[in-house]
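Since the structure comes first, as C-alpha cells, the remarks are kept for the end.
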Amino acid sequence: MTSATGSRVLSLDEAAAYRPHQVVDLSRELAAAKHQIAWFKRQIFGQKSERRIVDGADGQMSLGEAITQDQVVSPPPPTERPVAAHTRRQTSKKPDTGDDSLPFFDDSRVPVEVIELCAPEAEGLAPEEFEIIGHKDSYRLAQRPGSYVVLNYRRPVIKIKATRVIVSPSAPVGVIEGSRVDVSFVAGLLIDKFAYHLPFYRQHQRLADGGITVSRPWLTQIGQQGIALLEPIYEAQFESIRASRVKAMDETPIKAGRAGPGKLKAAYFWPVYGELDEVCFPFFESRRIGHVEQALGLTPVERGVLLTDGYTAYEHYTEKTGLAHAQCWAHTRRKLFEARDVEPEAAARGLDFIGGLYAVEERIRAQKLSAAGKLDYRLMHAKPIVEQFFAWINQQFEAQGLLPSNPMTKALAYARERRFGLEVYLTDPDVPIDTNHLERALRAIPMGRKNWMFCWTELGAKHVGIMQSLIVTCRLHQIDPYDYLVDVLQRVGQHPASRAHELTPRLWKQLFADNPLRSPLHTITAQ
C-alpha cells in the first residue's frame with residue numbers, strides 16, 4: 001500500500017508482524033535508560049561504597065564434588081578479632097567543678113601562652129594574708145590571623161680598637177640563596193599548597209591580611225625553587241619503586257598547559273606504588289602506551305608483577321618485559337555493582353562470590369599470617385571461590401539469556417577476559433587482591449583538582465607530582481610532612497648526591513627523624 005505522498009504504508013498484517021521487533025528494541029532502550037538513571041541517582045543520592053564482605057564458610061568443595069548451577073557458595077564465617085580485657089580508669093575531672101584541665105593537644109609542638117587569673121576573694125588582701133596552694137588549668141583553643149613571624153637577625157657592628165677594623169657577622173644563609181624567606185616559610189608554603197590544597201593566590205590574600213606585603217609571582221618563584229631542591233629526592237624514591245618486585249600502577253587525569261585561548265590540555269599522572277609503601281606521581285602529556293615504558297623502564301625485575309586495572313597499555317608493557325600482569329578484583333566488583341539495577345539477582349550472586357574473597361583477605365589480616373601462611377590460606381579458601389565464580393560466569397553465557405548490550409553481560413565479559421590476571425594473587429602472597437591501596441594514595445590529586453583546578457604549565461604539573469609523591473609517602477610512614485620538609489630542605493644542599501636516597505621519607509624516618517634539623521623559629525618558640 002502506498003500513501004498519497006509516495007511513502008509505503010504497512011498493512012495490518014505487516015504491522016502486527018513488526019510489533020514484536022519494536023517491543024524488543026523498546027525494551028532494550030528502556031533497560032539502558034533505567035541503568036543510566038540509576039547510575040545518576042547513585043552519584044547524587046546513593047551510597048558510593050561498593051564494599052561487600054559476605055559472612056559464612058569459605059565455600060571449599062570436597063574432592064569429586066561437581067560444580068552445578070544451583071550450587072551456592074557458603075559464605076565464610078564472620079571475622080573475629082580478640083580484644084584484650086581491660087578496665088577503664090576514671091578521669092580526675094570532677095563534673096561539679098567546671099574544670100576542663102584535660103589537655104587535647106601536644107604541648108611539645110603547640111605553643112601555650114599562660115594567662116594568670118586572680119581570685120576575687122583575694123582582692124585587697126596583702127600577700128601575707130593568703131597562700132597559693134596550687135593551680136587549676138583550663139585550656140581554650142585560640143588562633144591569630146595569619147600566623148606569620150618575621151625573624152630579625154640583629155647583627156652587631158663592632159670596631160676592633162687595636163686594629164680599628166669594623167666588622168659585622170654575616171646574615172645566615174637561607175635554603176634559597178639570596179631570598180628573604182626562612183626554611184619554615186618555604187615548607188609551610190608547600191604544605192599549604194599541596195597537602196591542604198590552598199592555592200598560592202589564597203595564601204597571598206592571607207599574607208596581606210596578616211600585614212605581609214609580597215607579590216603573587218614571588219610566591220610562585222619560592223615554591224618552584226623549593227621544589228627544585230627536592231627533585232633529586234623524588235628521583236631517588238622513584239628508583240626505589242622501580243626496583244620493587246610487586247608494583248601497582250594507575251592513571252588519573254589533570255589539565256596542564258595551554259592548548260589555545262581559554263583551553264587547557266588534558267594530561268595524566270601515572271601513579272606507581274612500590275612494595276615498600278612508597279608512591280610517585282610521574283606526569284605525562286597523554287595516556288599513550290609508551291608512557292608506561294618511560295615511567296618503569298624496560299629492565300624487568302626478577303619474578304616481577306605489575307598490578308593494574310587492566311588498561312591495555314599495561315598489557316602491552318607486561319608482554320614486552322615478561323612481567324606477570326595481575327589485575328584488580330575491585331574493578332571487577334565495580335562492574336557487577338553497576339549492573340545490579342538491571343539484573344539484581346545475577347549481580348547479587350556475583351557480588352556474593354567476590355565478597356567471599358574479601359572475607360578471606362579480612363581473616364588473613366586479622367590472623368597476621370606470614371607470606372607462606374597467606375599463600376596456603378588463599379589456595380585453601382579463596383581458590384575454590386574463584387573457580388566457582390568463573391564456572392558461574394560460563395553458565396550465565398551458556399544460558400544465552402542476556403543481550404550483548406546488557407550491563408550484566410558486559411560485567412561478566414569483563415571478568416572472564418581478565419581471569420588469568422585476577423588469579424595471579426592466589427599464587428603470590430605479596431600481590432594484593434586489588435589496587436585500593438594505590439587508589440587511596442592518589443586521592444590527593446582529585447582532591448587538589450577541586451581547589452586549584454588545573455596547572456598553567458607542564459612544569460607546574462611535574463612539580464605537583466614531585467610534592468605529592470613526597471607528602472603522600474610521608475603520610476604512609478606516619479611522618480609529619482612539615483617536619484620532614486624543614487629538615488630535608490636544609491640538608492639536601494650538603495648531602496652527597498650519591499646518597500640522595502637517604503633523604504626519601506622511608507629512609508629519613510630511620511636515619512634523621514629522631515633529631516631533625518629545625519628552623520630558628522622553632523628555637524624561639526621553644527624558649
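Chain labels follow the order of the C-alpha cells: the first chain is A, the next B, and so on; residue numbering restarts at 1 in every chain, and ligands are counted from 1 in their shown order.
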Check your understanding: Lys509 of chain A: which residues within 10 Å, counting only C-alpha atoms, same-chain residues fewer than 6 positions away excluded, as a list in words?
Key ->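 The contact residues come out as Cys474, His477, Gln478, Ile479, Tyr484, Glu502, Leu503 and Pro516 of chain A.
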Practice item. If you run DSSP over the backbone, which residues in segment 194-350 of chain A end up strand (DSSP E or B)? Put them as a PyMOL selection string. Key: chain A and resi 246-249+252-260+263-269+272-273+279-280+283-284+305-308+324-327
Contacts between segment 163-177 of chain A and segment 197-237 of chain A, please, where a residue of segment 197-237 of chain A counts if it comes within 9 Å (with only C-alpha atoms); show its shortest atom pair and distance in Å to one decimal, rows by chain and ascending number, as a tab-separated table.
residue	atom	partner	partner_atom	distance
A:Ile222	CA	A:Ile176	CA	8.0
A:Gln225	CA	A:Ile176	CA	7.1
A:Gly226	CA	A:Ile176	CA	7.3
A:Leu229	CA	A:Val175	CA	8.9
Exercise for review: Between A:Ser108, A:Gln237, A:Thr252, A:Thr504, single out the one closest to Leu442 of chain A, counting only C-alpha atoms.
Suggested key: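 Of all the options, A:Thr252 lies closest to Leu442 of chain A.
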Exercise for review: Quick one: everything within 9 Å of Pro271 of chain A, counting only C-alpha atoms, minus sequence neighbours fewer than 6 positions away in the same chain. Send it as a list in words.
Suggested key: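 Listing them by chain and then by number gives Ala248, Met249, Asp250, Glu251, Thr252, Val279, Cys280, Phe281, Pro282, Phe283, Leu438, Ala441, Leu442, Gly465 and Ser469 of chain A.
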Review point. Contacts of Thr213 of chain A at 12 Å or less, counting only C-alpha atoms, minus same-chain residues fewer than 6 places along, as a ChimeraX atom specification?
Key: /A:148,203-207,219
Keeping only C-alpha atoms, write the selected residues to a file as a CSV table (one decimal), in the first residue's frame.
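Written out: again_12.csv:
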chain,number,residue,atom,x,y,z
A,148,TYR,CA,53.4,34.6,60.3
A,203,GLN,CA,47.9,32.3,50.6
A,204,HIS,CA,48.7,35.7,49.1
A,205,GLN,CA,45.4,37.0,50.5
A,206,ARG,CA,46.2,35.6,53.9
A,207,LEU,CA,49.6,37.1,53.9
A,219,LEU,CA,55.2,33.1,46.0
Practice item. Find the spatial neighbours of Arg334 of chain A, counting only C-alpha atoms, within a cut-off of 9 Å - ignore same-chain residues fewer than 4 positions away - and output them as JSON, numbers by chain. Key: {"A": [50, 329, 330, 338, 339, 411]}
Residue subset to file, keeping all heavy atoms, as a tab-separated table (two decimals), in the first residue's frame:
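Saved as result17.tsv:
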chain	number	residue	atom	x	y	z
A	50	GLU	N	31.30	0.35	47.47
A	50	GLU	CA	30.99	-0.93	46.84
A	50	GLU	C	31.41	-2.09	47.73
A	50	GLU	O	31.38	-3.24	47.32
A	50	GLU	CB	31.73	-1.05	45.51
A	50	GLU	CG	31.41	0.07	44.55
A	50	GLU	CD	32.47	0.22	43.50
A	50	GLU	OE1	33.34	-0.66	43.39
A	50	GLU	OE2	32.45	1.22	42.77
A	329	TRP	N	40.55	-7.02	41.56
A	329	TRP	CA	39.20	-7.54	41.82
A	329	TRP	C	38.21	-6.43	42.15
A	329	TRP	O	37.01	-6.59	41.93
A	329	TRP	CB	39.25	-8.55	42.96
A	329	TRP	CG	39.63	-9.93	42.52
A	329	TRP	CD1	40.86	-10.49	42.55
A	329	TRP	CD2	38.75	-10.92	41.97
A	329	TRP	NE1	40.82	-11.77	42.05
A	329	TRP	CE2	39.53	-12.07	41.68
A	329	TRP	CE3	37.39	-10.97	41.68
A	329	TRP	CZ2	38.99	-13.23	41.13
A	329	TRP	CZ3	36.85	-12.12	41.13
A	329	TRP	CH2	37.65	-13.23	40.87
A	330	ALA	N	38.68	-5.30	42.66
A	330	ALA	CA	37.76	-4.21	42.98
A	330	ALA	C	37.12	-3.64	41.71
A	330	ALA	O	35.95	-3.27	41.71
A	330	ALA	CB	38.50	-3.10	43.74
A	338	GLU	N	27.58	-1.95	39.22
A	338	GLU	CA	26.87	-1.05	38.32
A	338	GLU	C	25.74	-1.75	37.57
A	338	GLU	O	24.83	-1.10	37.07
A	338	GLU	CB	27.85	-0.43	37.34
A	338	GLU	CG	28.85	0.52	38.00
A	338	GLU	CD	29.95	0.96	37.05
A	338	GLU	OE1	30.00	0.42	35.92
A	338	GLU	OE2	30.75	1.84	37.43
A	339	ALA	N	25.80	-3.10	37.47
A	339	ALA	CA	24.78	-3.85	36.74
A	339	ALA	C	23.63	-4.30	37.62
A	339	ALA	O	22.67	-4.89	37.13
A	339	ALA	CB	25.41	-5.08	36.09
A	411	ALA	N	29.64	-6.86	32.30
A	411	ALA	CA	30.37	-7.13	33.55
A	411	ALA	C	30.94	-8.54	33.56
A	411	ALA	O	32.09	-8.76	33.98
A	411	ALA	CB	29.44	-6.91	34.74
Practice item. From segment 431-475 of chain A, collect each residue whose DSSP state is helix (DSSP H, G or I) and return the set as a PyMOL selection string. Key: chain A and resi 436-441+444-452+458-475
Review point. Segment 289-300 of chain A: which residues within 6 Å, counting only C-alpha atoms, same-chain residues fewer than 6 positions away excluded, as number ranges by chain?
Key: A: 242, 313, 321
Take the selection from the previous step and output its residues with C-alpha atoms, as a JSON list (two decimals), in the first residue's frame.
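Resulting contents of out.json:
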[["chain", "number", "residue", "atom", "x", "y", "z"],
["A", 242, "ARG", "CA", 61.19, 0.71, 40.02],
["A", 313, "ALA", "CA", 48.83, -0.13, 27.94],
["A", 321, "THR", "CA", 59.05, -7.14, 29.56]]
Exercise for review: Tell me which protein, DNA and RNA residues are within 8 Å of segment 447-452 of chain A, counting only C-alpha atoms, leaving out same-chain ones fewer than 5 positions away, and put them as a list in words.
Suggested key: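 In the requested form, the answer reads Phe194, His197, Leu198, Pro199 and Ile254 of chain A.
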Just to be explicit: take each residue in the selection above, keep all heavy atoms, and write the result as an mmCIF file, in the first residue's frame.
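Resulting contents of out.cif:
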data_model
loop_
_atom_site.group_PDB
_atom_site.id
_atom_site.type_symbol
_atom_site.label_atom_id
_atom_site.label_comp_id
_atom_site.auth_asym_id
_atom_site.auth_seq_id
_atom_site.Cartn_x
_atom_site.Cartn_y
_atom_site.Cartn_z
ATOM 1 N N PHE A 194 50.041 21.907 48.754
ATOM 2 C CA PHE A 194 49.923 20.547 48.243
ATOM 3 C C PHE A 194 49.324 19.553 49.239
ATOM 4 O O PHE A 194 48.783 18.540 48.813
ATOM 5 C CB PHE A 194 51.296 20.047 47.782
ATOM 6 C CG PHE A 194 51.866 20.857 46.660
ATOM 7 C CD1 PHE A 194 52.878 21.777 46.879
ATOM 8 C CD2 PHE A 194 51.366 20.718 45.374
ATOM 9 C CE1 PHE A 194 53.397 22.533 45.837
ATOM 10 C CE2 PHE A 194 51.865 21.486 44.324
ATOM 11 C CZ PHE A 194 52.885 22.392 44.561
ATOM 12 N N HIS A 197 45.830 21.921 49.942
ATOM 13 C CA HIS A 197 45.217 22.368 48.690
ATOM 14 C C HIS A 197 44.777 23.832 48.752
ATOM 15 O O HIS A 197 43.702 24.199 48.289
ATOM 16 C CB HIS A 197 44.037 21.471 48.334
ATOM 17 C CG HIS A 197 44.354 20.014 48.431
ATOM 18 N ND1 HIS A 197 45.281 19.395 47.619
ATOM 19 C CD2 HIS A 197 43.893 19.041 49.261
ATOM 20 C CE1 HIS A 197 45.369 18.114 47.942
ATOM 21 N NE2 HIS A 197 44.554 17.877 48.929
ATOM 22 N N LEU A 198 45.645 24.674 49.337
ATOM 23 C CA LEU A 198 45.374 26.103 49.413
ATOM 24 C C LEU A 198 46.185 26.796 48.329
ATOM 25 O O LEU A 198 47.409 26.927 48.445
ATOM 26 C CB LEU A 198 45.764 26.635 50.799
ATOM 27 C CG LEU A 198 45.324 28.053 51.145
ATOM 28 C CD1 LEU A 198 43.805 28.122 51.254
ATOM 29 C CD2 LEU A 198 45.952 28.504 52.457
ATOM 30 N N PRO A 199 45.553 27.240 47.244
ATOM 31 C CA PRO A 199 46.312 27.845 46.134
ATOM 32 C C PRO A 199 47.121 29.052 46.580
ATOM 33 O O PRO A 199 46.835 29.687 47.599
ATOM 34 C CB PRO A 199 45.214 28.241 45.132
ATOM 35 C CG PRO A 199 44.044 27.395 45.487
ATOM 36 C CD PRO A 199 44.116 27.186 46.957
ATOM 37 N N ILE A 254 44.618 15.189 34.601
ATOM 38 C CA ILE A 254 44.915 16.533 35.102
ATOM 39 C C ILE A 254 44.972 17.476 33.903
ATOM 40 O O ILE A 254 45.431 17.083 32.826
ATOM 41 C CB ILE A 254 46.252 16.550 35.881
ATOM 42 C CG1 ILE A 254 46.579 17.954 36.390
ATOM 43 C CG2 ILE A 254 47.392 16.066 34.999
ATOM 44 C CD1 ILE A 254 45.696 18.421 37.484
#
Exercise for review: Could you please determine the separation between atom CA of Gly322 of chain A and atom CA of Asp430 of chain A in Å, to one decimal place?
Suggested key: 18.0 Å
Check your understanding: Which is closest to Cys455 of chain A among A:Tyr268, A:Ala126, A:Thr473, A:Val149, if we use only C-alpha atoms?
Key ->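 Of A:Tyr268, A:Ala126, A:Thr473, A:Val149, the one nearest Cys455 of chain A is A:Tyr268, counting only C-alpha atoms.
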Exercise for review: Point out the residue among A:Pro404, A:Gly493, A:Gly188, A:Gly260 with the least atom-to-atom distance to Glu231 of chain A, counting only C-alpha atoms.
Suggested key: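 The closest residue to Glu231 of chain A is A:Gly493.
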